[in-house]
$ cat final-v2.cif   # mmCIF, C-alpha atoms
data_structure
loop_
_atom_site.label_atom_id
_atom_site.label_comp_id
_atom_site.auth_asym_id
_atom_site.auth_seq_id
_atom_site.Cartn_x
_atom_site.Cartn_y
_atom_site.Cartn_z
CA VAL A 6 -78.42 -70.77 57.51
CA SER A 7 -77.32 -73.79 59.49
CA VAL A 8 -75.52 -73.78 62.82
CA PHE A 9 -72.49 -75.30 61.04
CA ASP A 10 -72.43 -72.43 58.51
CA LEU A 11 -72.47 -69.91 61.36
CA PHE A 12 -69.71 -71.84 63.10
CA MET A 13 -67.55 -71.82 59.97
CA LEU A 14 -68.12 -68.07 59.50
CA ASP A 15 -67.08 -67.46 63.10
CA MET A 16 -64.00 -69.67 62.64
CA ARG A 17 -62.92 -67.74 59.52
CA PHE A 18 -63.25 -64.45 61.41
CA SER A 19 -61.42 -65.86 64.43
CA LEU A 20 -58.54 -67.17 62.29
CA SER A 21 -58.19 -63.79 60.57
CA LEU A 22 -58.09 -62.05 63.96
CA LEU A 23 -55.55 -64.52 65.36
CA SER A 24 -53.38 -64.18 62.26
CA PHE A 25 -53.40 -60.39 62.71
CA LEU A 26 -52.53 -60.59 66.40
CA TYR A 27 -49.82 -63.26 66.15
CA CYS A 28 -48.38 -62.41 62.72
CA VAL A 29 -48.81 -65.97 61.37
CA PRO A 30 -51.22 -67.38 58.76
CA LEU A 31 -53.18 -70.23 60.33
CA SER A 32 -54.82 -73.20 58.63
CA PHE A 33 -58.03 -74.85 59.80
CA SER A 34 -59.32 -78.32 58.97
CA GLN A 35 -63.11 -78.55 58.55
CA ILE A 36 -62.84 -82.31 59.01
CA THR A 37 -61.18 -82.42 62.42
CA GLY A 38 -61.35 -78.82 63.65
CA SER A 39 -57.59 -78.80 64.17
CA VAL A 40 -55.64 -75.55 63.75
CA SER A 41 -51.98 -75.44 62.75
CA VAL A 42 -49.43 -72.85 61.70
CA LEU A 43 -48.86 -72.91 57.94
CA ALA A 44 -46.16 -70.23 57.99
CA GLY A 45 -44.72 -67.76 60.47
CA ALA A 46 -42.70 -67.76 63.69
CA TYR A 47 -44.17 -70.45 65.89
CA PRO A 48 -44.31 -70.49 68.89
CA THR A 49 -42.53 -67.15 69.39
CA ALA A 50 -44.92 -65.05 67.23
CA THR A 51 -41.94 -62.96 66.12
CA SER A 52 -42.85 -60.36 63.51
CA GLY A 53 -40.61 -59.52 60.58
CA PHE A 54 -40.28 -59.51 56.82
CA VAL A 55 -38.51 -62.69 55.74
CA ASP A 56 -39.30 -65.12 52.93
CA GLY A 57 -38.84 -68.78 53.74
CA ILE A 58 -40.55 -72.10 54.35
CA GLY A 59 -43.06 -72.60 57.14
CA THR A 60 -41.90 -71.34 60.52
CA ASN A 61 -38.76 -69.80 58.99
CA ALA A 62 -40.87 -67.12 57.29
CA ARG A 63 -41.77 -63.88 59.05
CA PHE A 64 -44.86 -61.69 58.71
CA TYR A 65 -45.99 -58.39 60.18
CA SER A 66 -49.73 -58.00 60.72
CA PRO A 67 -51.21 -60.18 57.97
CA VAL A 68 -54.86 -59.21 57.71
CA GLY A 69 -56.35 -60.55 54.47
CA VAL A 70 -56.00 -63.96 52.85
CA ILE A 71 -57.51 -65.74 49.85
CA ILE A 72 -56.90 -69.23 48.48
CA SER A 73 -56.36 -69.64 44.74
CA PRO A 74 -59.14 -71.27 42.68
CA ASP A 75 -57.03 -74.42 42.24
CA GLY A 76 -56.17 -74.55 45.94
CA SER A 77 -52.41 -74.60 45.35
CA TYR A 78 -51.49 -71.32 47.04
CA ALA A 79 -52.79 -68.42 49.11
CA LEU A 80 -52.22 -64.70 48.76
CA VAL A 81 -51.83 -62.66 51.93
CA CYS A 82 -52.19 -58.92 52.53
CA GLU A 83 -49.57 -57.69 54.97
CA TYR A 84 -50.76 -54.52 56.60
CA GLY A 85 -47.50 -53.92 58.46
CA ASN A 86 -45.05 -54.81 55.66
CA HIS A 87 -47.09 -53.12 52.89
CA ALA A 88 -46.77 -56.18 50.68
CA ILE A 89 -48.62 -59.07 49.10
CA ARG A 90 -47.16 -62.46 50.00
CA LYS A 91 -47.69 -65.79 48.27
CA VAL A 92 -47.81 -68.97 50.35
CA MET A 93 -47.69 -72.42 48.76
CA ILE A 94 -50.18 -74.66 50.55
CA SER A 95 -48.26 -77.90 50.01
CA ASN A 96 -45.05 -76.88 51.79
CA GLY A 97 -45.60 -73.43 53.37
CA LEU A 98 -43.11 -71.72 51.03
CA VAL A 99 -43.53 -67.93 51.43
CA SER A 100 -42.43 -65.35 48.87
CA VAL A 101 -43.19 -61.72 48.12
CA LEU A 102 -45.47 -61.38 45.11
CA ALA A 103 -45.45 -57.58 45.15
CA GLY A 104 -44.20 -54.82 47.43
CA ALA A 105 -40.88 -53.42 48.67
CA TYR A 106 -38.82 -56.36 49.87
CA PRO A 107 -36.95 -56.43 52.19
CA THR A 108 -37.32 -52.75 53.13
CA ALA A 109 -41.13 -52.74 53.59
CA THR A 110 -41.19 -49.20 52.15
CA LEU A 111 -44.73 -47.88 51.83
CA GLY A 112 -46.02 -45.79 48.94
CA LEU A 113 -48.36 -45.68 45.95
CA LEU A 114 -46.41 -46.80 42.93
CA ASP A 115 -47.36 -49.10 40.08
CA GLY A 116 -44.73 -51.55 38.93
CA THR A 117 -43.77 -55.20 38.76
CA GLY A 118 -43.08 -57.32 41.82
CA THR A 119 -40.81 -55.64 44.36
CA ASN A 120 -40.82 -52.39 42.36
CA ALA A 121 -44.46 -51.76 43.28
CA ARG A 122 -45.40 -49.92 46.46
CA PHE A 123 -48.42 -50.37 48.73
CA ASN A 124 -49.72 -48.61 51.83
CA ALA A 125 -51.53 -50.86 54.29
CA PRO A 126 -53.15 -53.40 51.94
CA TRP A 127 -56.05 -54.93 53.82
CA GLY A 128 -58.22 -57.28 51.76
CA LEU A 129 -57.96 -59.09 48.46
CA ASP A 130 -59.60 -61.62 46.18
CA ILE A 131 -58.54 -63.67 43.17
CA SER A 132 -60.50 -63.73 39.91
CA PRO A 133 -62.41 -66.96 39.16
CA ASP A 134 -59.98 -67.83 36.36
CA GLY A 135 -56.99 -67.24 38.67
CA THR A 136 -55.31 -64.69 36.39
CA TYR A 137 -55.40 -61.63 38.62
CA ALA A 138 -56.08 -60.37 42.13
CA LEU A 139 -57.75 -57.20 43.33
CA VAL A 140 -56.36 -55.57 46.48
CA ALA A 141 -58.11 -53.00 48.70
CA GLU A 142 -55.56 -50.55 50.10
CA ASP A 143 -56.67 -48.98 53.34
CA TRP A 144 -54.42 -45.91 53.39
CA ASN A 145 -53.90 -45.38 49.67
CA HIS A 146 -57.68 -45.30 49.14
CA VAL A 147 -57.40 -47.31 45.93
CA ILE A 148 -58.07 -50.74 44.45
CA ARG A 149 -55.00 -52.35 42.89
CA LYS A 150 -54.89 -55.09 40.27
CA ILE A 151 -52.10 -57.68 40.25
CA ILE A 152 -51.51 -59.98 37.29
CA ILE A 153 -50.50 -63.11 39.14
CA SER A 154 -48.30 -64.64 36.42
CA THR A 155 -46.12 -61.51 36.09
CA ALA A 156 -46.74 -59.68 39.42
CA ALA A 157 -47.52 -56.51 37.44
CA VAL A 158 -49.36 -54.05 39.71
CA THR A 159 -51.64 -51.24 38.52
CA VAL A 160 -54.29 -49.00 40.05
CA PHE A 161 -57.66 -50.36 38.98
CA ALA A 162 -59.81 -47.71 40.67
CA GLY A 163 -59.18 -44.68 42.88
CA SER A 164 -57.02 -41.59 42.87
CA TYR A 165 -53.58 -42.18 41.32
CA PRO A 166 -50.94 -40.96 41.97
CA THR A 167 -52.35 -38.42 44.43
CA ARG A 168 -54.07 -41.00 46.73
CA THR A 169 -56.89 -38.50 47.39
CA SER A 170 -59.65 -39.91 49.59
CA GLY A 171 -63.28 -39.08 48.94
CA TYR A 172 -66.73 -40.40 48.13
CA VAL A 173 -67.23 -40.18 44.39
CA ASP A 174 -68.61 -42.74 41.96
CA GLY A 175 -66.88 -42.92 38.60
CA ILE A 176 -64.74 -45.02 36.28
CA GLY A 177 -61.20 -46.02 37.17
CA THR A 178 -59.07 -43.22 38.58
CA TYR A 179 -62.06 -40.85 38.60
CA ALA A 180 -63.61 -42.78 41.50
CA ARG A 181 -62.79 -41.87 45.09
CA PHE A 182 -62.66 -44.14 48.14
CA ASN A 183 -62.04 -43.65 51.83
CA ALA A 184 -60.17 -46.53 53.47
CA PRO A 185 -61.35 -49.54 51.45
CA THR A 186 -60.76 -52.69 53.43
CA ASN A 187 -62.31 -55.88 52.08
CA ILE A 188 -63.13 -56.91 48.52
CA ASP A 189 -64.85 -59.93 46.99
CA ILE A 190 -65.13 -60.85 43.30
CA SER A 191 -68.37 -62.45 42.14
CA SER A 192 -68.30 -66.09 41.07
CA ASP A 193 -68.87 -65.11 37.43
CA GLY A 194 -66.11 -62.48 37.56
CA ASN A 195 -68.42 -59.69 36.38
CA TYR A 196 -68.18 -57.42 39.42
CA ALA A 197 -66.60 -56.95 42.84
CA ILE A 198 -68.08 -55.70 46.12
CA LEU A 199 -65.89 -53.80 48.59
CA THR A 200 -66.29 -52.27 52.02
CA GLU A 201 -65.11 -48.81 53.10
CA ARG A 202 -64.28 -48.03 56.71
CA TYR A 203 -64.82 -44.27 56.59
CA ASN A 204 -67.52 -44.03 53.94
CA HIS A 205 -69.54 -46.63 55.86
CA ASP A 206 -70.79 -48.38 52.73
CA LEU A 207 -70.52 -51.15 50.17
CA ARG A 208 -69.30 -50.22 46.69
CA LYS A 209 -69.77 -52.23 43.50
CA ILE A 210 -67.10 -52.26 40.80
CA MET A 211 -67.87 -53.62 37.35
CA LEU A 212 -65.07 -55.80 35.99
CA PRO A 213 -64.00 -56.49 32.40
CA PRO A 214 -65.65 -59.58 30.88
CA GLN A 215 -63.78 -62.83 31.37
CA PRO A 216 -62.20 -64.16 28.16
CA THR A 217 -64.15 -66.95 26.51
CA GLN A 218 -62.24 -70.21 26.33
CA THR A 219 -62.68 -72.29 23.19
CA PRO A 220 -62.25 -76.07 23.24
#

$ encode --input "final-v2.cif" --output "structure tokens"
Amino acid sequence: VSVFDLFMLDMRFSLSLLSFLYCVPLSFSQITGSVSVLAGAYPTATSGFVDGIGTNARFYSPVGVIISPDGSYALVCEYGNHAIRKVMISNGLVSVLAGAYPTATLGLLDGTGTNARFNAPWGLDISPDGTYALVAEDWNHVIRKIIISTAAVTVFAGSYPTRTSGYVDGIGTYARFNAPTNIDISSDGNYAILTERYNHDLRKIMLPPQPTQTP
């Protein structure tokens, strides 16, 4: 591992921490090392729950972020607003992909877009083909799946609708988690690895095979 790789890892952690503290997603240029606000209240660091462009948007404790495979947008986990936000990279346009907007009502409810409910979503990743995202929900103790084109939200693994925490391997809703926080999908889309705060472990989730594309 090179010194540059370690520097970049430290920068990604630092940007995530700063985004959490100041309620704004930050962008970082590997070429120049410059940091700028992509969206959120700058320089006041005012929290809130408002869709908009750039500094007109408001966030409340964004903690997880992932860039789409094509680089056109980012998805953000908002711990404080219990929502998943979508940010267009080109112009900083922020919108709610899923979660109770504008009330920020927490819960555990499957549904489409603003009809779905989350409770402290923490980490997320997008599938290699860009069709869906997996979200680790800290206080619902579940993994949610969001179809990005329709914003349809379902529980992929964990106790639904009872949100029972635990430490049990199994398939789908038979599995039990305890405060899952971060999740990463493998490059081939065959499995995901997640971390759990209170079970002190790494869990592996097998994913459905990716559809084969024919020329």

$ atom_distance --input "final-v2.cif" --atom1 "atom CA of A:Ala103" --atom2 "atom CA of A:Val173"
27.9 Å

$ residues_around --input "final-v2.cif" --residues "A:Ser100" --least-positions-apart "3" --cutoff "6 Å" --atoms "only C-alpha atoms" --output "list in words"
Asp56, Arg90 and Lys91 of chain A

$ resolve_selection --input "final-v2.cif" --expression "the PyMOL selection byres ((chain A and resi 72-79) around 9)" --output "ChimeraX atom specification"
/A:70-71,80-81,90-95,97,130-135

$ resolve_selection --input "final-v2.cif" --expression "the PyMOL selection byres ((chain A and resi 87) around 8)" --output "PyMOL selection string"
chain A and resi 82-86+88-89+104-105+109-111+122-126

$ atom_distance --input "final-v2.cif" --atom1 "atom CA of A:Gly171" --atom2 "atom CA of A:Gly194"
26.2 Å

$ closest_residue --input "final-v2.cif" --among "A:Thr60, A:Thr119, A:Asn145, A:Thr186" --to "A:Ala157" --atoms "all atoms listed in the file"
A:Thr119

$ atom_distance --input "final-v2.cif" --atom1 "atom CA of A:Thr200" --atom2 "atom CA of A:Gly112"
21.5 Å

$ residues_near_point --input "final-v2.cif" --point "(-68.8, -48.4, 53.0)" --cutoff "10 Å" --atoms "all atoms listed in the file" --output "number ranges by chain"
A: 172, 182-187, 199-208

$ resolve_selection --input "final-v2.cif" --expression "the PyMOL selection byres ((chain A and resi 167) around 12)" --output "PyMOL selection string"
chain A and resi 112-114+144-147+160+163-166+168-171+178-179+181

$ closest_residue --input "final-v2.cif" --among "A:Phe54, A:Tyr137, A:Tyr65, A:Tyr196" --to "A:Tyr106" --atoms "all atoms listed in the file"
A:Phe54

$ axis_aligned_box --input "final-v2.cif" --around "stretch 135-151 of chain A" --padding-each-side "6 Å" --output "lines of an AutoDock Vina configuration file"
center_x = -55.1
center_y = -56.3
center_z = 44.9
size_x = 18.0
size_y = 33.9
size_z = 29.0

$ decode --input "final-v2.cif" --residues "stretch 139-174 of chain A" --atoms "N, CA and C atoms" --output "PDB file, in the first residue's frame"
ATOM      1  N   LEU A 139     -28.224  -0.856  -1.658  1.00  0.00           N
ATOM      2  CA  LEU A 139     -28.460  -1.488  -0.367  1.00  0.00           C
ATOM      3  C   LEU A 139     -28.117  -0.489   0.729  1.00  0.00           C
ATOM      4  N   VAL A 140     -28.980  -0.415   1.739  1.00  0.00           N
ATOM      5  CA  VAL A 140     -28.826   0.561   2.824  1.00  0.00           C
ATOM      6  C   VAL A 140     -28.772  -0.172   4.159  1.00  0.00           C
ATOM      7  N   ALA A 141     -27.770   0.125   4.963  1.00  0.00           N
ATOM      8  CA  ALA A 141     -27.666  -0.417   6.322  1.00  0.00           C
ATOM      9  C   ALA A 141     -28.331   0.567   7.278  1.00  0.00           C
ATOM     10  N   GLU A 142     -29.351   0.081   7.997  1.00  0.00           N
ATOM     11  CA  GLU A 142     -30.099   0.941   8.920  1.00  0.00           C
ATOM     12  C   GLU A 142     -29.689   0.641  10.358  1.00  0.00           C
ATOM     13  N   ASP A 143     -29.061   1.611  10.953  1.00  0.00           N
ATOM     14  CA  ASP A 143     -28.497   1.455  12.288  1.00  0.00           C
ATOM     15  C   ASP A 143     -29.541   1.035  13.316  1.00  0.00           C
ATOM     16  N   TRP A 144     -30.646   1.773  13.412  1.00  0.00           N
ATOM     17  CA  TRP A 144     -31.605   1.524  14.490  1.00  0.00           C
ATOM     18  C   TRP A 144     -32.792   0.657  14.090  1.00  0.00           C
ATOM     19  N   ASN A 145     -32.930   0.338  12.813  1.00  0.00           N
ATOM     20  CA  ASN A 145     -33.944  -0.642  12.427  1.00  0.00           C
ATOM     21  C   ASN A 145     -33.365  -2.047  12.344  1.00  0.00           C
ATOM     22  N   HIS A 146     -32.047  -2.144  12.402  1.00  0.00           N
ATOM     23  CA  HIS A 146     -31.359  -3.445  12.404  1.00  0.00           C
ATOM     24  C   HIS A 146     -31.689  -4.267  11.162  1.00  0.00           C
ATOM     25  N   VAL A 147     -31.779  -3.588  10.016  1.00  0.00           N
ATOM     26  CA  VAL A 147     -32.103  -4.270   8.772  1.00  0.00           C
ATOM     27  C   VAL A 147     -31.254  -3.718   7.628  1.00  0.00           C
ATOM     28  N   ILE A 148     -31.271  -4.474   6.518  1.00  0.00           N
ATOM     29  CA  ILE A 148     -30.690  -4.014   5.263  1.00  0.00           C
ATOM     30  C   ILE A 148     -31.844  -3.779   4.299  1.00  0.00           C
ATOM     31  N   ARG A 149     -31.915  -2.567   3.758  1.00  0.00           N
ATOM     32  CA  ARG A 149     -32.991  -2.220   2.822  1.00  0.00           C
ATOM     33  C   ARG A 149     -32.452  -2.224   1.388  1.00  0.00           C
ATOM     34  N   LYS A 150     -33.334  -2.514   0.457  1.00  0.00           N
ATOM     35  CA  LYS A 150     -33.007  -2.466  -0.967  1.00  0.00           C
ATOM     36  C   LYS A 150     -33.871  -1.399  -1.629  1.00  0.00           C
ATOM     37  N   ILE A 151     -33.224  -0.527  -2.402  1.00  0.00           N
ATOM     38  CA  ILE A 151     -33.940   0.527  -3.119  1.00  0.00           C
ATOM     39  C   ILE A 151     -33.710   0.352  -4.615  1.00  0.00           C
ATOM     40  N   ILE A 152     -34.779   0.168  -5.367  1.00  0.00           N
ATOM     41  CA  ILE A 152     -34.681   0.183  -6.827  1.00  0.00           C
ATOM     42  C   ILE A 152     -34.564   1.636  -7.256  1.00  0.00           C
ATOM     43  N   ILE A 153     -33.446   1.996  -7.843  1.00  0.00           N
ATOM     44  CA  ILE A 153     -33.156   3.411  -8.057  1.00  0.00           C
ATOM     45  C   ILE A 153     -34.104   4.045  -9.073  1.00  0.00           C
ATOM     46  N   SER A 154     -34.505   3.318 -10.093  1.00  0.00           N
ATOM     47  CA  SER A 154     -35.365   3.900 -11.127  1.00  0.00           C
ATOM     48  C   SER A 154     -36.767   4.217 -10.624  1.00  0.00           C
ATOM     49  N   THR A 155     -37.251   3.464  -9.628  1.00  0.00           N
ATOM     50  CA  THR A 155     -38.617   3.654  -9.130  1.00  0.00           C
ATOM     51  C   THR A 155     -38.681   4.131  -7.685  1.00  0.00           C
ATOM     52  N   ALA A 156     -37.533   4.081  -6.964  1.00  0.00           N
ATOM     53  CA  ALA A 156     -37.468   4.429  -5.536  1.00  0.00           C
ATOM     54  C   ALA A 156     -38.280   3.469  -4.672  1.00  0.00           C
ATOM     55  N   ALA A 157     -38.547   2.257  -5.167  1.00  0.00           N
ATOM     56  CA  ALA A 157     -39.247   1.253  -4.372  1.00  0.00           C
ATOM     57  C   ALA A 157     -38.314   0.688  -3.313  1.00  0.00           C
ATOM     58  N   VAL A 158     -38.761   0.712  -2.051  1.00  0.00           N
ATOM     59  CA  VAL A 158     -37.947   0.300  -0.912  1.00  0.00           C
ATOM     60  C   VAL A 158     -38.523  -0.970  -0.296  1.00  0.00           C
ATOM     61  N   THR A 159     -37.663  -1.966  -0.073  1.00  0.00           N
ATOM     62  CA  THR A 159     -38.063  -3.207   0.592  1.00  0.00           C
ATOM     63  C   THR A 159     -36.979  -3.627   1.571  1.00  0.00           C
ATOM     64  N   VAL A 160     -37.367  -4.448   2.541  1.00  0.00           N
ATOM     65  CA  VAL A 160     -36.387  -5.034   3.454  1.00  0.00           C
ATOM     66  C   VAL A 160     -35.731  -6.216   2.748  1.00  0.00           C
ATOM     67  N   PHE A 161     -34.421  -6.158   2.615  1.00  0.00           N
ATOM     68  CA  PHE A 161     -33.683  -7.235   1.957  1.00  0.00           C
ATOM     69  C   PHE A 161     -33.265  -8.308   2.966  1.00  0.00           C
ATOM     70  N   ALA A 162     -32.901  -7.890   4.159  1.00  0.00           N
ATOM     71  CA  ALA A 162     -32.506  -8.828   5.208  1.00  0.00           C
ATOM     72  C   ALA A 162     -32.698  -8.182   6.566  1.00  0.00           C
ATOM     73  N   GLY A 163     -33.128  -8.988   7.545  1.00  0.00           N
ATOM     74  CA  GLY A 163     -33.371  -8.488   8.891  1.00  0.00           C
ATOM     75  C   GLY A 163     -34.834  -8.587   9.264  1.00  0.00           C
ATOM     76  N   SER A 164     -35.118  -8.322  10.519  1.00  0.00           N
ATOM     77  CA  SER A 164     -36.443  -8.533  11.083  1.00  0.00           C
ATOM     78  C   SER A 164     -37.435  -7.457  10.624  1.00  0.00           C
ATOM     79  N   TYR A 165     -38.446  -7.888   9.867  1.00  0.00           N
ATOM     80  CA  TYR A 165     -39.490  -6.963   9.389  1.00  0.00           C
ATOM     81  C   TYR A 165     -40.849  -7.591   9.611  1.00  0.00           C
ATOM     82  N   PRO A 166     -41.809  -6.851  10.186  1.00  0.00           N
ATOM     83  CA  PRO A 166     -41.766  -5.428  10.553  1.00  0.00           C
ATOM     84  C   PRO A 166     -41.405  -5.164  12.019  1.00  0.00           C
ATOM     85  N   THR A 167     -40.942  -6.179  12.731  1.00  0.00           N
ATOM     86  CA  THR A 167     -40.741  -6.031  14.179  1.00  0.00           C
ATOM     87  C   THR A 167     -39.445  -5.334  14.564  1.00  0.00           C
ATOM     88  N   ARG A 168     -38.504  -5.160  13.606  1.00  0.00           N
ATOM     89  CA  ARG A 168     -37.187  -4.557  13.840  1.00  0.00           C
ATOM     90  C   ARG A 168     -36.479  -5.145  15.059  1.00  0.00           C
ATOM     91  N   THR A 169     -36.550  -6.470  15.220  1.00  0.00           N
ATOM     92  CA  THR A 169     -35.903  -7.143  16.346  1.00  0.00           C
ATOM     93  C   THR A 169     -34.405  -7.270  16.084  1.00  0.00           C
ATOM     94  N   SER A 170     -33.592  -6.792  17.022  1.00  0.00           N
ATOM     95  CA  SER A 170     -32.144  -6.946  16.896  1.00  0.00           C
ATOM     96  C   SER A 170     -31.741  -8.349  17.348  1.00  0.00           C
ATOM     97  N   GLY A 171     -30.545  -8.754  16.955  1.00  0.00           N
ATOM     98  CA  GLY A 171     -30.071 -10.072  17.353  1.00  0.00           C
ATOM     99  C   GLY A 171     -28.799 -10.431  16.616  1.00  0.00           C
ATOM    100  N   TYR A 172     -28.438 -11.693  16.703  1.00  0.00           N
ATOM    101  CA  TYR A 172     -27.216 -12.182  16.061  1.00  0.00           C
ATOM    102  C   TYR A 172     -27.504 -13.569  15.521  1.00  0.00           C
ATOM    103  N   VAL A 173     -28.207 -13.604  14.394  1.00  0.00           N
ATOM    104  CA  VAL A 173     -28.649 -14.871  13.817  1.00  0.00           C
ATOM    105  C   VAL A 173     -28.389 -14.858  12.314  1.00  0.00           C
ATOM    106  N   ASP A 174     -27.671 -15.879  11.833  1.00  0.00           N
ATOM    107  CA  ASP A 174     -27.529 -16.051  10.394  1.00  0.00           C
ATOM    108  C   ASP A 174     -28.803 -16.652   9.825  1.00  0.00           C
TER     109      ASP A 174
END
